[in-house]
Amino acid sequence: MARIDPLDLDQLPEPHRSAYEAVMAGRTGPRINLHRTVAHSPSVLVAFVAFANELRNGTTLDPKLRELTILTVSHAKGAAYEFGKHANLALSVGVPRAQVDAIEAGIAAGGLGPDDPFDDAARAVVALARASVDGVRIDDATWAAAASHLTERELVEVMLHIGMYSMTAHLTEGAQIDIEAWFERR
């Protein structure tokens with residue numbers, strides 16, 4: 001049960017309601033409990049969603065690597081809310097189910113032997129995300145492996161995703177935000 005009651009987003013005060021609707025333009029469906037909880041701080045909600053949108057739509061990072069990063073962070077942080085949402089997004093951008101399942105099972109990329117579903121780039125990004133969550137400072141070998149597949153811009157984008165979804169995990173799990181009744185994991 002949620003520790004903070006999600007708000008009705010139609011009740012956001014202006015100018016935050018209009019700003020929220022603007023950053024949500026093009027997104028359909030019911031509003032998620034994460035946003036409804038962050039709405040307790042209306043100006044932060046608008047900035048939070050705008051930043052998340054920019055990470056999703058304004059970066060050069062391959063969407064598959066983006067979602068593998070988010071899944072790795074969510075799993076490492078024990079964030080079921082985010083893992084479920086992004087498992088669906090990962091599948092929708094072409095991440096193989098075997099990769100989603102391996103992360104969910106807690107199997108480190110490369111730890112499956114001949115059945116390892118990760119290619120070298122995915123393996124390096126998953127290892128980078130896990131290392132960052134586990135200890136913040138990333139060892140040189142892990143960084144070099146990721147850097148051999150990503151541009152400096154993409155490395156920055158991976159690190160920003162790690163930070164964003166670590167923060168989100170702390171909120172969803174600390175406040176025990178409920179997964180929406182309408183949500184179905186694929």
# chains A, B, ... in the order shown; residues from 1 in each chain; ligands from 1
>>> residues_around(residues="Asp10 in chain A", least_positions_apart="4", cutoff="10 Å", atoms="only C-alpha atoms", output="MDAnalysis selection string")
chainID A and resid 17:18 21 36
>>> write_last_selection(atoms="N, CA, C and O atoms", output="mmCIF file, in the first residue's frame")
data_model
loop_
_atom_site.group_PDB
_atom_site.id
_atom_site.type_symbol
_atom_site.label_atom_id
_atom_site.label_comp_id
_atom_site.auth_asym_id
_atom_site.auth_seq_id
_atom_site.Cartn_x
_atom_site.Cartn_y
_atom_site.Cartn_z
ATOM 1 N N ARG A 17 -0.434 22.548 -14.050
ATOM 2 C CA ARG A 17 -1.293 21.621 -14.796
ATOM 3 C C ARG A 17 -1.062 21.769 -16.294
ATOM 4 O O ARG A 17 -0.882 20.786 -17.004
ATOM 5 N N SER A 18 -1.059 23.004 -16.787
ATOM 6 C CA SER A 18 -0.825 23.244 -18.218
ATOM 7 C C SER A 18 0.574 22.789 -18.624
ATOM 8 O O SER A 18 0.758 22.206 -19.699
ATOM 9 N N GLU A 21 0.579 18.966 -18.796
ATOM 10 C CA GLU A 21 -0.098 18.500 -20.020
ATOM 11 C C GLU A 21 0.783 18.730 -21.245
ATOM 12 O O GLU A 21 0.816 17.905 -22.152
ATOM 13 N N ARG A 36 1.537 10.748 -10.387
ATOM 14 C CA ARG A 36 0.522 11.206 -9.436
ATOM 15 C C ARG A 36 1.116 11.400 -8.034
ATOM 16 O O ARG A 36 0.634 12.215 -7.260
#
>>> select_by_dssp(residues="chain A", states="helix (DSSP H, G or I)", output="PyMOL selection string")
chain A and resi 9-11+16-23+33-38+42-57+63-77+80-92+97-104+113-115+120-135+140-147+152-174
>>> residues_around(residues="Val156 in chain A", least_positions_apart="5", cutoff="12 Å", atoms="only C-alpha atoms", output="MDAnalysis selection string")
chainID A and resid 55 59:61 66 125 128:129 143 146:147 150:151 161:163
>>> write_last_selection(atoms="N, CA, C and O atoms", output="PDB file, in the first residue's frame")
ATOM      1  N   LEU A  55      15.415  12.199 -21.893  1.00  0.00           N
ATOM      2  CA  LEU A  55      16.243  10.992 -21.887  1.00  0.00           C
ATOM      3  C   LEU A  55      15.710   9.955 -22.864  1.00  0.00           C
ATOM      4  O   LEU A  55      16.474   9.261 -23.531  1.00  0.00           O
ATOM      5  N   THR A  59      17.986  11.649 -26.939  1.00  0.00           N
ATOM      6  CA  THR A  59      19.347  11.127 -26.845  1.00  0.00           C
ATOM      7  C   THR A  59      19.671  10.276 -28.064  1.00  0.00           C
ATOM      8  O   THR A  59      18.780   9.880 -28.812  1.00  0.00           O
ATOM      9  N   THR A  60      20.946   9.992 -28.232  1.00  0.00           N
ATOM     10  CA  THR A  60      21.368   9.157 -29.356  1.00  0.00           C
ATOM     11  C   THR A  60      21.537   7.698 -28.953  1.00  0.00           C
ATOM     12  O   THR A  60      21.752   6.842 -29.811  1.00  0.00           O
ATOM     13  N   LEU A  61      21.449   7.408 -27.666  1.00  0.00           N
ATOM     14  CA  LEU A  61      21.623   6.046 -27.171  1.00  0.00           C
ATOM     15  C   LEU A  61      20.576   5.126 -27.788  1.00  0.00           C
ATOM     16  O   LEU A  61      19.388   5.453 -27.811  1.00  0.00           O
ATOM     17  N   ARG A  66      19.270   1.630 -23.867  1.00  0.00           N
ATOM     18  CA  ARG A  66      18.603   2.457 -22.850  1.00  0.00           C
ATOM     19  C   ARG A  66      17.764   1.591 -21.924  1.00  0.00           C
ATOM     20  O   ARG A  66      17.875   1.667 -20.707  1.00  0.00           O
ATOM     21  N   VAL A 125      27.130  -2.616 -21.469  1.00  0.00           N
ATOM     22  CA  VAL A 125      26.247  -1.610 -20.876  1.00  0.00           C
ATOM     23  C   VAL A 125      25.603  -2.140 -19.598  1.00  0.00           C
ATOM     24  O   VAL A 125      25.518  -1.429 -18.592  1.00  0.00           O
ATOM     25  N   LEU A 128      28.234  -2.042 -16.937  1.00  0.00           N
ATOM     26  CA  LEU A 128      28.473  -0.667 -16.517  1.00  0.00           C
ATOM     27  C   LEU A 128      27.371  -0.193 -15.564  1.00  0.00           C
ATOM     28  O   LEU A 128      27.656   0.375 -14.501  1.00  0.00           O
ATOM     29  N   ALA A 129      26.132  -0.446 -15.925  1.00  0.00           N
ATOM     30  CA  ALA A 129      25.007  -0.028 -15.078  1.00  0.00           C
ATOM     31  C   ALA A 129      25.062  -0.725 -13.722  1.00  0.00           C
ATOM     32  O   ALA A 129      24.890  -0.096 -12.677  1.00  0.00           O
ATOM     33  N   TRP A 143      34.525   0.293 -17.514  1.00  0.00           N
ATOM     34  CA  TRP A 143      34.349   1.514 -18.303  1.00  0.00           C
ATOM     35  C   TRP A 143      34.894   1.320 -19.717  1.00  0.00           C
ATOM     36  O   TRP A 143      34.242   1.680 -20.702  1.00  0.00           O
ATOM     37  N   ALA A 146      32.600  -0.691 -21.998  1.00  0.00           N
ATOM     38  CA  ALA A 146      31.466   0.090 -22.497  1.00  0.00           C
ATOM     39  C   ALA A 146      31.931   1.129 -23.517  1.00  0.00           C
ATOM     40  O   ALA A 146      31.297   1.323 -24.559  1.00  0.00           O
ATOM     41  N   ALA A 147      33.044   1.780 -23.221  1.00  0.00           N
ATOM     42  CA  ALA A 147      33.568   2.822 -24.109  1.00  0.00           C
ATOM     43  C   ALA A 147      33.979   2.268 -25.470  1.00  0.00           C
ATOM     44  O   ALA A 147      34.006   3.013 -26.454  1.00  0.00           O
ATOM     45  N   LEU A 150      30.472   2.533 -27.233  1.00  0.00           N
ATOM     46  CA  LEU A 150      29.666   3.749 -27.149  1.00  0.00           C
ATOM     47  C   LEU A 150      30.517   4.992 -27.377  1.00  0.00           C
ATOM     48  O   LEU A 150      31.698   5.006 -27.034  1.00  0.00           O
ATOM     49  N   THR A 151      29.893   6.016 -27.910  1.00  0.00           N
ATOM     50  CA  THR A 151      30.557   7.315 -28.021  1.00  0.00           C
ATOM     51  C   THR A 151      30.574   7.970 -26.639  1.00  0.00           C
ATOM     52  O   THR A 151      29.873   7.520 -25.721  1.00  0.00           O
ATOM     53  N   HIS A 161      20.905   8.018 -17.425  1.00  0.00           N
ATOM     54  CA  HIS A 161      19.820   7.048 -17.211  1.00  0.00           C
ATOM     55  C   HIS A 161      20.011   6.316 -15.879  1.00  0.00           C
ATOM     56  O   HIS A 161      19.045   6.095 -15.142  1.00  0.00           O
ATOM     57  N   ILE A 162      21.241   5.955 -15.588  1.00  0.00           N
ATOM     58  CA  ILE A 162      21.512   5.277 -14.307  1.00  0.00           C
ATOM     59  C   ILE A 162      21.100   6.181 -13.147  1.00  0.00           C
ATOM     60  O   ILE A 162      20.424   5.737 -12.214  1.00  0.00           O
ATOM     61  N   GLY A 163      21.475   7.440 -13.211  1.00  0.00           N
ATOM     62  CA  GLY A 163      21.118   8.375 -12.151  1.00  0.00           C
ATOM     63  C   GLY A 163      19.619   8.598 -12.049  1.00  0.00           C
ATOM     64  O   GLY A 163      19.044   8.560 -10.956  1.00  0.00           O
TER      65      GLY A 163
END
>>> closest_residue(among="A:Thr72, A:Ala52, A:His149, A:Leu65", to="Ala131 in chain A", atoms="only C-alpha atoms")
A:Thr72
>>> closest_residue(among="A:Ala169, A:Leu12, A:Ala105, A:Ala90", to="Leu34 in chain A", atoms="only C-alpha atoms")
A:Ala169
>>> closest_residue(among="A:Ala80, A:Ala145, A:Leu91, A:Ala50", to="Ile177 in chain A", atoms="only C-alpha atoms")
A:Ala80
>>> closest_residue(among="A:Leu9, A:Glu157, A:Ser43, A:Ala121", to="Asn57 in chain A", atoms="only C-alpha atoms")
A:Glu157
>>> residues_around(residues="Val38 in chain A", least_positions_apart="4", cutoff="9 Å", atoms="only C-alpha atoms", output="list in words")
Pro6, Leu7, Asn33, Leu34, Pro42, Val44, Leu45, Phe48 and Leu171 of chain A
>>> write_last_selection(atoms="N, CA and C atoms", output="mmCIF file, in the first residue's frame")
data_model
loop_
_atom_site.group_PDB
_atom_site.id
_atom_site.type_symbol
_atom_site.label_atom_id
_atom_site.label_comp_id
_atom_site.auth_asym_id
_atom_site.auth_seq_id
_atom_site.Cartn_x
_atom_site.Cartn_y
_atom_site.Cartn_z
ATOM 1 N N PRO A 6 -1.476 9.007 -4.151
ATOM 2 C CA PRO A 6 -1.336 9.651 -5.458
ATOM 3 C C PRO A 6 -2.429 10.711 -5.648
ATOM 4 N N LEU A 7 -2.073 11.818 -6.244
ATOM 5 C CA LEU A 7 -3.017 12.911 -6.456
ATOM 6 C C LEU A 7 -3.740 12.776 -7.786
ATOM 7 N N ASN A 33 0.867 6.175 -11.465
ATOM 8 C CA ASN A 33 0.973 6.525 -10.047
ATOM 9 C C ASN A 33 2.276 7.224 -9.705
ATOM 10 N N LEU A 34 3.332 6.932 -10.425
ATOM 11 C CA LEU A 34 4.590 7.641 -10.189
ATOM 12 C C LEU A 34 4.369 9.141 -10.368
ATOM 13 N N PRO A 42 4.427 19.997 -7.471
ATOM 14 C CA PRO A 42 4.027 20.237 -8.858
ATOM 15 C C PRO A 42 5.140 20.713 -9.792
ATOM 16 N N VAL A 44 8.320 20.185 -9.505
ATOM 17 C CA VAL A 44 9.245 19.069 -9.694
ATOM 18 C C VAL A 44 8.647 18.052 -10.664
ATOM 19 N N LEU A 45 7.338 17.810 -10.583
ATOM 20 C CA LEU A 45 6.681 16.885 -11.508
ATOM 21 C C LEU A 45 6.942 17.293 -12.952
ATOM 22 N N PHE A 48 10.598 16.736 -13.767
ATOM 23 C CA PHE A 48 10.868 15.293 -13.749
ATOM 24 C C PHE A 48 10.416 14.645 -15.058
ATOM 25 N N LEU A 171 12.358 6.557 -4.960
ATOM 26 C CA LEU A 171 11.017 7.087 -4.735
ATOM 27 C C LEU A 171 9.967 5.973 -4.777
#
>>> residues_around(residues="Val73 in chain A", least_positions_apart="4", cutoff="8 Å", atoms="only C-alpha atoms", output="ChimeraX atom specification")
/A:69,77,129-130,133,162,165-166
